[in-house]
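Have a look at target_7.cif; it's mmCIF, C-alpha atoms and all ligand atoms:
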```
data_work
#
loop_
_atom_site.group_PDB
_atom_site.id
_atom_site.type_symbol
_atom_site.label_atom_id
_atom_site.label_comp_id
_atom_site.auth_asym_id
_atom_site.auth_seq_id
_atom_site.Cartn_x
_atom_site.Cartn_y
_atom_site.Cartn_z
ATOM 1 C CA MET A 180 9.680 -10.902 -11.085
ATOM 2 C CA LYS A 181 6.842 -11.463 -13.527
ATOM 3 C CA ASP A 182 3.801 -9.760 -12.034
ATOM 4 C CA ILE A 183 3.602 -6.438 -10.207
ATOM 5 C CA LEU A 184 0.390 -5.335 -8.502
ATOM 6 C CA TYR A 185 0.048 -1.553 -8.387
ATOM 7 C CA ILE A 186 -2.540 -0.308 -5.912
ATOM 8 C CA SER A 187 -3.379 3.391 -5.892
ATOM 9 C CA CYS A 188 -5.960 5.082 -3.717
ATOM 10 C CA SER A 189 -5.707 8.844 -4.005
ATOM 11 C CA PRO A 190 -8.897 10.578 -5.133
ATOM 12 C CA LYS A 191 -6.639 12.868 -7.214
ATOM 13 C CA GLY A 192 -5.898 10.209 -9.833
ATOM 14 C CA ALA A 193 -2.805 10.713 -11.984
ATOM 15 C CA GLU A 194 -2.188 14.142 -10.402
ATOM 16 C CA ALA A 195 -1.658 12.593 -6.979
ATOM 17 C CA ILE A 196 1.867 12.922 -5.632
ATOM 18 C CA SER A 197 1.760 9.325 -4.346
ATOM 19 C CA SER A 198 0.709 8.026 -7.775
ATOM 20 C CA ARG A 199 3.254 10.203 -9.577
ATOM 21 C CA PHE A 200 6.129 8.909 -7.458
ATOM 22 C CA ALA A 201 4.836 5.341 -7.708
ATOM 23 C CA GLN A 202 5.463 5.621 -11.469
ATOM 24 C CA GLN A 203 9.182 6.015 -10.645
ATOM 25 C CA VAL A 204 9.053 2.845 -8.570
ATOM 26 C CA LEU A 205 7.256 0.962 -11.355
ATOM 27 C CA HIS A 206 9.746 2.210 -13.965
ATOM 28 C CA ARG A 207 12.641 1.135 -11.794
ATOM 29 C CA LEU A 208 11.160 -2.329 -11.215
ATOM 30 C CA CYS A 209 10.397 -2.743 -14.922
ATOM 31 C CA ASP A 210 13.943 -1.630 -15.844
ATOM 32 C CA ARG A 211 15.273 -4.428 -13.685
ATOM 33 C CA HIS A 212 12.608 -6.920 -14.786
ATOM 34 C CA PRO A 213 11.745 -6.024 -18.400
ATOM 35 C CA ALA A 214 9.262 -8.878 -18.789
ATOM 36 C CA ALA A 215 7.244 -7.809 -15.750
ATOM 37 C CA ARG A 216 3.542 -7.082 -16.215
ATOM 38 C CA ILE A 217 1.714 -4.489 -14.131
ATOM 39 C CA ALA A 218 -1.812 -5.149 -12.845
ATOM 40 C CA ARG A 219 -3.445 -1.886 -11.773
ATOM 41 C CA ARG A 220 -6.011 -1.590 -8.983
ATOM 42 C CA ASP A 221 -7.312 1.971 -8.465
ATOM 43 C CA LEU A 222 -9.218 1.862 -5.185
ATOM 44 C CA ALA A 223 -10.446 5.454 -5.523
ATOM 45 C CA LEU A 224 -11.986 4.714 -8.922
ATOM 46 C CA THR A 225 -13.433 1.369 -7.815
ATOM 47 C CA PRO A 226 -13.708 1.308 -4.020
ATOM 48 C CA PRO A 227 -13.887 -2.131 -2.410
ATOM 49 C CA PRO A 228 -17.138 -2.843 -0.576
ATOM 50 C CA PHE A 229 -17.295 -2.108 3.130
ATOM 51 C CA VAL A 230 -17.570 -5.087 5.430
ATOM 52 C CA ASP A 231 -21.293 -5.808 5.830
ATOM 53 C CA ALA A 232 -23.456 -8.130 7.954
ATOM 54 C CA ALA A 233 -23.112 -11.046 5.516
ATOM 55 C CA PHE A 234 -19.308 -10.714 5.571
ATOM 56 C CA CYS A 235 -19.302 -10.662 9.398
ATOM 57 C CA ALA A 236 -21.546 -13.739 9.505
ATOM 58 C CA ALA A 237 -19.281 -15.614 7.097
ATOM 59 C CA ILE A 238 -16.193 -14.669 9.145
ATOM 60 C CA MET A 239 -17.839 -15.942 12.343
ATOM 61 C CA ASN A 240 -19.230 -19.124 10.843
ATOM 62 C CA PRO A 241 -16.868 -20.946 8.480
ATOM 63 C CA ALA A 242 -19.719 -23.226 7.345
ATOM 64 C CA ALA A 243 -21.806 -20.261 6.187
ATOM 65 C CA SER A 244 -22.156 -19.316 2.540
ATOM 66 C CA ALA A 245 -18.955 -18.016 0.986
ATOM 67 C CA ALA A 246 -20.965 -15.682 -1.253
ATOM 68 C CA ALA A 247 -20.097 -12.787 1.058
ATOM 69 C CA PHE A 248 -16.453 -13.209 0.105
ATOM 70 C CA GLY A 249 -16.820 -12.486 -3.617
ATOM 71 C CA ALA A 250 -14.907 -9.193 -3.662
ATOM 72 C CA SER A 251 -12.522 -10.423 -0.995
ATOM 73 C CA ASP A 252 -11.572 -13.484 -3.057
ATOM 74 C CA VAL A 253 -10.909 -11.347 -6.143
ATOM 75 C CA LEU A 254 -8.650 -8.930 -4.240
ATOM 76 C CA ILE A 255 -6.783 -11.703 -2.412
ATOM 77 C CA GLU A 256 -6.187 -13.658 -5.640
ATOM 78 C CA GLU A 257 -4.827 -10.470 -7.218
ATOM 79 C CA LEU A 258 -2.396 -10.179 -4.321
ATOM 80 C CA GLU A 259 -1.403 -13.848 -4.535
ATOM 81 C CA ARG A 260 -0.566 -13.522 -8.240
ATOM 82 C CA ALA A 261 1.845 -10.646 -7.612
ATOM 83 C CA ASP A 262 5.595 -11.082 -7.222
ATOM 84 C CA ALA A 263 5.826 -7.507 -5.934
ATOM 85 C CA VAL A 264 3.268 -4.975 -4.739
ATOM 86 C CA VAL A 265 3.433 -1.183 -5.032
ATOM 87 C CA ILE A 266 0.957 0.722 -2.868
ATOM 88 C CA ALA A 267 0.620 4.480 -3.460
ATOM 89 C CA THR A 268 -1.262 6.256 -0.696
ATOM 90 C CA PRO A 269 -1.907 9.751 0.595
ATOM 91 C CA THR A 270 -2.013 10.436 4.322
ATOM 92 C CA HIS A 271 -5.558 11.312 5.294
ATOM 93 C CA ASN A 272 -5.993 12.408 8.897
ATOM 94 C CA TYR A 273 -2.805 10.692 10.044
ATOM 95 C CA THR A 274 -3.625 7.349 8.454
ATOM 96 C CA VAL A 275 -4.719 5.533 5.303
ATOM 97 C CA PRO A 276 -7.613 6.805 3.162
ATOM 98 C CA ALA A 277 -10.932 5.036 3.778
ATOM 99 C CA VAL A 278 -10.768 3.160 0.469
ATOM 100 C CA LEU A 279 -7.414 1.609 1.438
ATOM 101 C CA LYS A 280 -8.872 0.591 4.812
ATOM 102 C CA ALA A 281 -11.774 -1.016 2.911
ATOM 103 C CA TRP A 282 -9.213 -2.990 0.820
ATOM 104 C CA ILE A 283 -7.390 -4.079 3.994
ATOM 105 C CA ASP A 284 -10.668 -5.328 5.489
ATOM 106 C CA GLN A 285 -11.257 -7.444 2.373
ATOM 107 C CA VAL A 286 -7.770 -8.986 2.166
ATOM 108 C CA VAL A 287 -6.832 -9.492 5.833
ATOM 109 C CA ARG A 288 -9.177 -12.446 6.371
ATOM 110 C CA ILE A 289 -9.037 -15.168 8.999
ATOM 111 C CA ARG A 290 -8.689 -18.744 7.653
ATOM 112 C CA ARG A 291 -7.754 -17.319 4.252
ATOM 113 C CA THR A 292 -4.787 -14.942 4.513
ATOM 114 C CA PHE A 293 -3.951 -15.536 8.166
ATOM 115 C CA ALA A 294 -4.505 -18.196 10.798
ATOM 116 C CA SER A 295 -5.286 -17.533 14.432
ATOM 117 C CA THR A 296 -2.933 -19.709 16.512
ATOM 118 C CA PRO A 297 -1.970 -19.896 20.192
ATOM 119 C CA ALA A 298 1.161 -18.018 19.166
ATOM 120 C CA GLY A 299 -0.904 -15.249 17.577
ATOM 121 C CA LYS A 300 -1.907 -14.471 13.997
ATOM 122 C CA VAL A 301 0.210 -16.207 11.365
ATOM 123 C CA GLY A 302 0.155 -15.045 7.753
ATOM 124 C CA THR A 303 -0.509 -17.574 5.020
ATOM 125 C CA LEU A 304 0.602 -15.612 1.943
ATOM 126 C CA LYS A 305 4.123 -16.126 0.668
ATOM 127 C CA ASP A 306 6.307 -13.132 1.261
ATOM 128 C CA ARG A 307 7.065 -10.736 -1.599
ATOM 129 C CA PRO A 308 8.378 -7.177 -1.575
ATOM 130 C CA VAL A 309 5.882 -4.415 -0.910
ATOM 131 C CA PHE A 310 6.786 -0.819 -1.774
ATOM 132 C CA ILE A 311 4.647 1.746 0.037
ATOM 133 C CA VAL A 312 4.723 5.270 -1.384
ATOM 134 C CA VAL A 313 3.243 7.723 1.133
ATOM 135 C CA ALA A 314 2.529 11.373 0.308
ATOM 136 C CA SER A 315 1.658 13.698 3.164
ATOM 137 C CA GLY A 316 1.011 17.405 3.353
ATOM 138 C CA GLY A 317 3.121 17.710 6.509
ATOM 139 C CA TRP A 318 5.941 15.809 8.220
ATOM 140 C CA PHE A 319 5.632 12.598 10.225
ATOM 141 C CA THR A 320 9.126 11.037 10.370
ATOM 142 C CA GLY A 321 10.455 14.010 12.319
ATOM 143 C CA PRO A 322 9.937 17.750 12.733
ATOM 144 C CA SER A 323 9.456 19.948 9.687
ATOM 145 C CA PRO A 324 12.520 21.877 8.450
ATOM 146 C CA ALA A 325 11.030 24.888 10.272
ATOM 147 C CA GLY A 326 10.882 22.897 13.503
ATOM 148 C CA THR A 327 7.144 22.129 13.658
ATOM 149 C CA PRO A 328 6.805 18.892 15.643
ATOM 150 C CA ALA A 329 6.197 15.681 13.710
ATOM 151 C CA GLN A 330 2.585 14.647 13.244
ATOM 152 C CA PRO A 331 1.330 11.347 14.650
ATOM 153 C CA ASP A 332 1.900 8.503 12.174
ATOM 154 C CA PHE A 333 -0.856 5.900 12.241
ATOM 155 C CA LEU A 334 -0.234 5.043 8.604
ATOM 156 C CA THR A 335 3.149 3.353 8.246
ATOM 157 C CA PRO A 336 3.056 1.289 11.488
ATOM 158 C CA TYR A 337 -0.497 0.243 10.666
ATOM 159 C CA LEU A 338 0.287 -0.846 7.110
ATOM 160 C CA ARG A 339 3.347 -2.735 8.361
ATOM 161 C CA ALA A 340 1.217 -4.500 10.987
ATOM 162 C CA VAL A 341 -1.590 -5.583 8.656
ATOM 163 C CA LEU A 342 0.736 -6.657 5.841
ATOM 164 C CA THR A 343 2.895 -8.629 8.268
ATOM 165 C CA THR A 344 -0.270 -10.274 9.618
ATOM 166 C CA ILE A 345 -0.940 -11.852 6.229
ATOM 167 C CA GLY A 346 2.686 -12.852 5.608
ATOM 168 C CA LEU A 347 4.073 -9.867 3.704
ATOM 169 C CA THR A 348 7.100 -8.870 5.739
ATOM 170 C CA THR A 349 9.458 -7.385 3.151
ATOM 171 C CA ILE A 350 8.168 -3.830 3.323
ATOM 172 C CA HIS A 351 9.853 -0.699 1.977
ATOM 173 C CA VAL A 352 8.424 2.735 2.768
ATOM 174 C CA LEU A 353 9.129 5.670 0.457
ATOM 175 C CA ALA A 354 7.904 8.844 2.146
ATOM 176 C CA LEU A 355 7.186 12.168 0.464
ATOM 177 C CA GLU A 356 6.600 14.659 3.266
ATOM 178 C CA GLY A 357 5.602 18.308 3.202
ATOM 179 C CA VAL A 358 4.265 18.047 -0.325
ATOM 180 C CA THR A 359 1.583 20.718 0.137
ATOM 181 C CA ARG A 360 4.067 23.242 1.557
ATOM 182 C CA GLY A 361 5.151 24.802 -1.720
ATOM 183 C CA PRO A 362 7.341 23.874 -4.689
ATOM 184 C CA ASP A 363 10.629 23.805 -2.744
ATOM 185 C CA ALA A 364 9.248 21.421 -0.126
ATOM 186 C CA LEU A 365 7.773 19.213 -2.851
ATOM 187 C CA ALA A 366 11.112 19.161 -4.704
ATOM 188 C CA ALA A 367 12.942 18.265 -1.483
ATOM 189 C CA ALA A 368 10.453 15.462 -0.784
ATOM 190 C CA TRP A 369 10.878 14.120 -4.320
ATOM 191 C CA THR A 370 14.683 14.191 -4.052
ATOM 192 C CA SER A 371 14.657 12.449 -0.697
ATOM 193 C CA ALA A 372 12.261 9.707 -1.882
ATOM 194 C CA THR A 373 14.353 9.247 -5.050
ATOM 195 C CA GLN A 374 17.465 8.751 -2.909
ATOM 196 C CA SER A 375 15.608 6.138 -0.842
ATOM 197 C CA LEU A 376 14.503 4.375 -4.028
ATOM 198 C CA GLU A 377 18.125 4.299 -5.288
ATOM 199 C CA GLN A 378 19.098 2.461 -2.113
ATOM 200 C CA ILE A 379 16.162 0.041 -2.126
ATOM 201 C CA VAL A 380 16.125 -0.765 -5.856
ATOM 202 C CA PRO A 381 19.455 0.258 -7.415
ATOM 203 C CA PRO A 382 19.351 0.998 -11.158
ATOM 204 C CA ALA A 383 19.789 -1.977 -13.495
ATOM 205 C CA ALA A 384 23.452 -2.492 -14.391
HETATM 206 C C1 LIG A 401 -9.042 14.573 3.764
HETATM 207 C C2 LIG A 401 -7.583 14.908 3.829
HETATM 208 C C3 LIG A 401 -6.888 14.675 4.992
HETATM 209 C C4 LIG A 401 -5.541 14.970 5.059
HETATM 210 N N1 LIG A 401 -4.875 14.717 6.218
HETATM 211 C C5 LIG A 401 -3.560 14.959 6.294
HETATM 212 C C6 LIG A 401 -2.844 14.647 7.481
HETATM 213 O O1 LIG A 401 -3.366 14.149 8.463
HETATM 214 N N2 LIG A 401 -1.523 14.930 7.506
HETATM 215 C C7 LIG A 401 -0.874 15.460 6.436
HETATM 216 O O2 LIG A 401 0.342 15.653 6.514
HETATM 217 N N3 LIG A 401 -1.529 15.743 5.290
HETATM 218 C C8 LIG A 401 -2.847 15.506 5.200
HETATM 219 N N4 LIG A 401 -3.513 15.780 4.045
HETATM 220 C C9 LIG A 401 -2.757 16.275 2.882
HETATM 221 C C10 LIG A 401 -2.388 15.124 1.940
HETATM 222 O O3 LIG A 401 -1.664 14.130 2.634
HETATM 223 C C11 LIG A 401 -1.568 15.669 0.787
HETATM 224 O O4 LIG A 401 -2.394 16.511 0.007
HETATM 225 C C12 LIG A 401 -0.963 14.579 -0.095
HETATM 226 O O5 LIG A 401 -0.391 15.148 -1.221
HETATM 227 C C13 LIG A 401 -1.983 13.653 -0.573
HETATM 228 O O6 LIG A 401 -1.356 12.679 -1.404
HETATM 229 P P1 LIG A 401 -1.791 12.527 -2.931
HETATM 230 O O7 LIG A 401 -1.313 13.763 -3.632
HETATM 231 O O8 LIG A 401 -1.105 11.299 -3.338
HETATM 232 O O9 LIG A 401 -3.296 12.416 -2.940
HETATM 233 C C14 LIG A 401 -4.861 15.510 3.932
HETATM 234 C C15 LIG A 401 -5.574 15.742 2.760
HETATM 235 C C16 LIG A 401 -6.909 15.436 2.703
HETATM 236 C C17 LIG A 401 -7.641 15.676 1.413
#
```
Take the structure in the file and write it out as structure tokens.
Ligand SMILES: Cc1cc2nc3c(=O)[nH]c(=O)nc-3n(C[C@H](O)[C@H](O)[C@H](O)COP(=O)(O)O)c2cc1C
Amino acid sequence: MKDILYISCSPKGAEAISSRFAQQVLHRLCDRHPAARIARRDLALTPPPFVDAAFCAAIMNPAASAAAFGASDVLIEELERADAVVIATPTHNYTVPAVLKAWIDQVVRIRRTFASTPAGKVGTLKDRPVFIVVASGGWFTGPSPAGTPAQPDFLTPYLRAVLTTIGLTTIHVLALEGVTRGPDALAAAWTSATQSLEQIVPPAA
């Protein structure tokens, strides 16, 4: 593993729980692959453009000018260079923050990162591991410890679906749930995510 792409998208910067835990994932990967370089893409600091009319026209007409794909090409090439991807994301209203959706709309692109075939969409990127760190105020994998029913989760199934669409099928989710429910809940979330990380990327021997 030579190149790791680290994508963060919380508006809270380094204070974000997702970004803080992602540092553990990056440390673990770098321990195992000491020569690895990390490319950082902070989507909150530099939001990708929204899809506009020129982008739609270029998607619909392959012969049209490719100028509309400037940002898209940059973000896709960044992804192609990576041997592993770490995505740190908060849950915002049951799903990904708008800036992460904007990134998805730039990188999930017909005739570039997936092909439309009679058998359905087929990804064209080579597979590589993707580590998704999700921080949420409440609980979505099951009820809260107090028994409050789980929230709807439109984040993890959605990210799995779009990443699989472009060929990235080796996906590991590290969830930190209940992180706004006080220090004990945050500590429990951190411990649980750390245990998951130990299983997914065991410490270097
Ligand atoms: C606009 C907004 C929407 C949110 N929506 C949810 C939500 O639907 N479910 C939830 O559990 N937490 C929600 N939260 C709480 C965040 O998920 C929580 O603060 C988490 O720590 C954010 O991750 P971060 O610290 O990495 O930014 C929301 C927070 C904000 C600011």
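Ranking A:Ala246, A:Val230, A:Ala261, A:Cys209 by their shortest atom-to-atom distance to Ile183 in chain A, with all atoms listed in the file included, puts A:Ala261 first.
Using the PyMOL selection byres (((chain A and resi 218-225) around 7) and not hetatm) on the file at hand returns these residues: Ile183, Leu184, Tyr185, Ile186, Ser187, Cys188, Ser189, Pro190, Arg216, Ile217, Pro226, Pro227, Val278 and Leu279 of chain A.
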Proximity check chain A to ligand LIG 401 (chain A), 8 Å, nearest pairs one decimal Å, only C-alpha atoms and all ligand atoms, as a Markdown table:
```
| residue | atom | partner | partner_atom | distance |
| --- | --- | --- | --- | --- |
| A:Cys188 | CA | A:LIG401 | O9 | 7.8 |
| A:Ser189 | CA | A:LIG401 | O9 | 4.4 |
| A:Pro190 | CA | A:LIG401 | O9 | 6.3 |
| A:Lys191 | CA | A:LIG401 | O9 | 5.4 |
| A:Gly192 | CA | A:LIG401 | O9 | 7.7 |
| A:Glu194 | CA | A:LIG401 | O7 | 6.8 |
| A:Ala195 | CA | A:LIG401 | O7 | 3.6 |
| A:Ile196 | CA | A:LIG401 | O7 | 3.8 |
| A:Ser197 | CA | A:LIG401 | O8 | 3.6 |
| A:Ser198 | CA | A:LIG401 | O8 | 5.8 |
| A:Arg199 | CA | A:LIG401 | O8 | 7.7 |
| A:Ala267 | CA | A:LIG401 | O8 | 7.0 |
| A:Thr268 | CA | A:LIG401 | O8 | 5.7 |
| A:Pro269 | CA | A:LIG401 | O6 | 3.6 |
| A:Thr270 | CA | A:LIG401 | O3 | 4.1 |
| A:His271 | CA | A:LIG401 | N1 | 3.6 |
| A:Asn272 | CA | A:LIG401 | O1 | 3.2 |
| A:Tyr273 | CA | A:LIG401 | O1 | 3.8 |
| A:Thr274 | CA | A:LIG401 | O1 | 6.8 |
| A:Pro276 | CA | A:LIG401 | C1 | 7.9 |
| A:Val313 | CA | A:LIG401 | O8 | 7.2 |
| A:Ala314 | CA | A:LIG401 | O6 | 4.4 |
| A:Ser315 | CA | A:LIG401 | O3 | 3.4 |
| A:Gly316 | CA | A:LIG401 | N3 | 3.6 |
| A:Gly317 | CA | A:LIG401 | O2 | 3.5 |
| A:Trp318 | CA | A:LIG401 | O2 | 5.9 |
| A:Phe319 | CA | A:LIG401 | O2 | 7.1 |
| A:Gln330 | CA | A:LIG401 | N2 | 7.1 |
| A:Glu356 | CA | A:LIG401 | O2 | 7.1 |
| A:Gly357 | CA | A:LIG401 | O2 | 6.8 |
| A:Val358 | CA | A:LIG401 | O5 | 5.6 |
| A:Thr359 | CA | A:LIG401 | O4 | 5.8 |
```
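If you measure from each of A:Asp231, A:Phe310, A:Leu334, A:Thr320 to Ala277 in chain A using all atoms listed in the file, the closest one turns out to be A:Leu334.
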Quiz item: Using all atoms listed in the file, which residue out of A:Val309, A:Ile289, A:Ala367, A:Ala372 lies closest to Thr344 in chain A?
Solution: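 Nearest to Thr344 in chain A: A:Ile289.
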Would you compute the box with edges along x, y and z of the file around range 260-274 of chain A, including every atom the file lists for it and 5 Å extra on each side, and give its centre and edge lengths in Å to one decimal, as JSON?
```
{"center_x": -0.1, "center_y": -0.6, "center_z": 0.9, "size_x": 21.8, "size_y": 35.9, "size_z": 28.3}
```
Exercise. Take CA of Gln378 in chain A and CA of Gly321 in chain A and report the distance between them in Å, one decimal.
Key: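 A separation of 20.4 Å between them.
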Quiz item: Just how far from CA of Leu353 in chain A is CA of Thr373 in chain A, in Å to one decimal?
Solution: 8.4 Å
Self-check item: Counting only C-alpha atoms, the residue of A:Pro308, A:Pro297, A:Pro228, A:Pro362 that sits nearest Ile266 in chain A
Solution: A:Pro308
Quiz item: With only C-alpha atoms as the basis for distance, which of A:His351, A:Arg211, A:Lys181, A:Arg288 is at the shortest distance from Phe234 in chain A?
Solution: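 Closest to Phe234 in chain A, using only C-alpha atoms: A:Arg288.
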Exercise. Using CA of Tyr337 in chain A and CA of Leu208 in chain A as the two end points, give the distance in Å to one decimal.
Key: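 Those two atoms sit 24.9 Å apart.
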Quiz item: Closest to Ala215 in chain A among A:Ala242, A:Ala201, A:Thr296, A:Met180, using all atoms listed in the file?
Solution: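 Of A:Ala242, A:Ala201, A:Thr296, A:Met180, the one nearest Ala215 in chain A is A:Met180, counting all atoms listed in the file.
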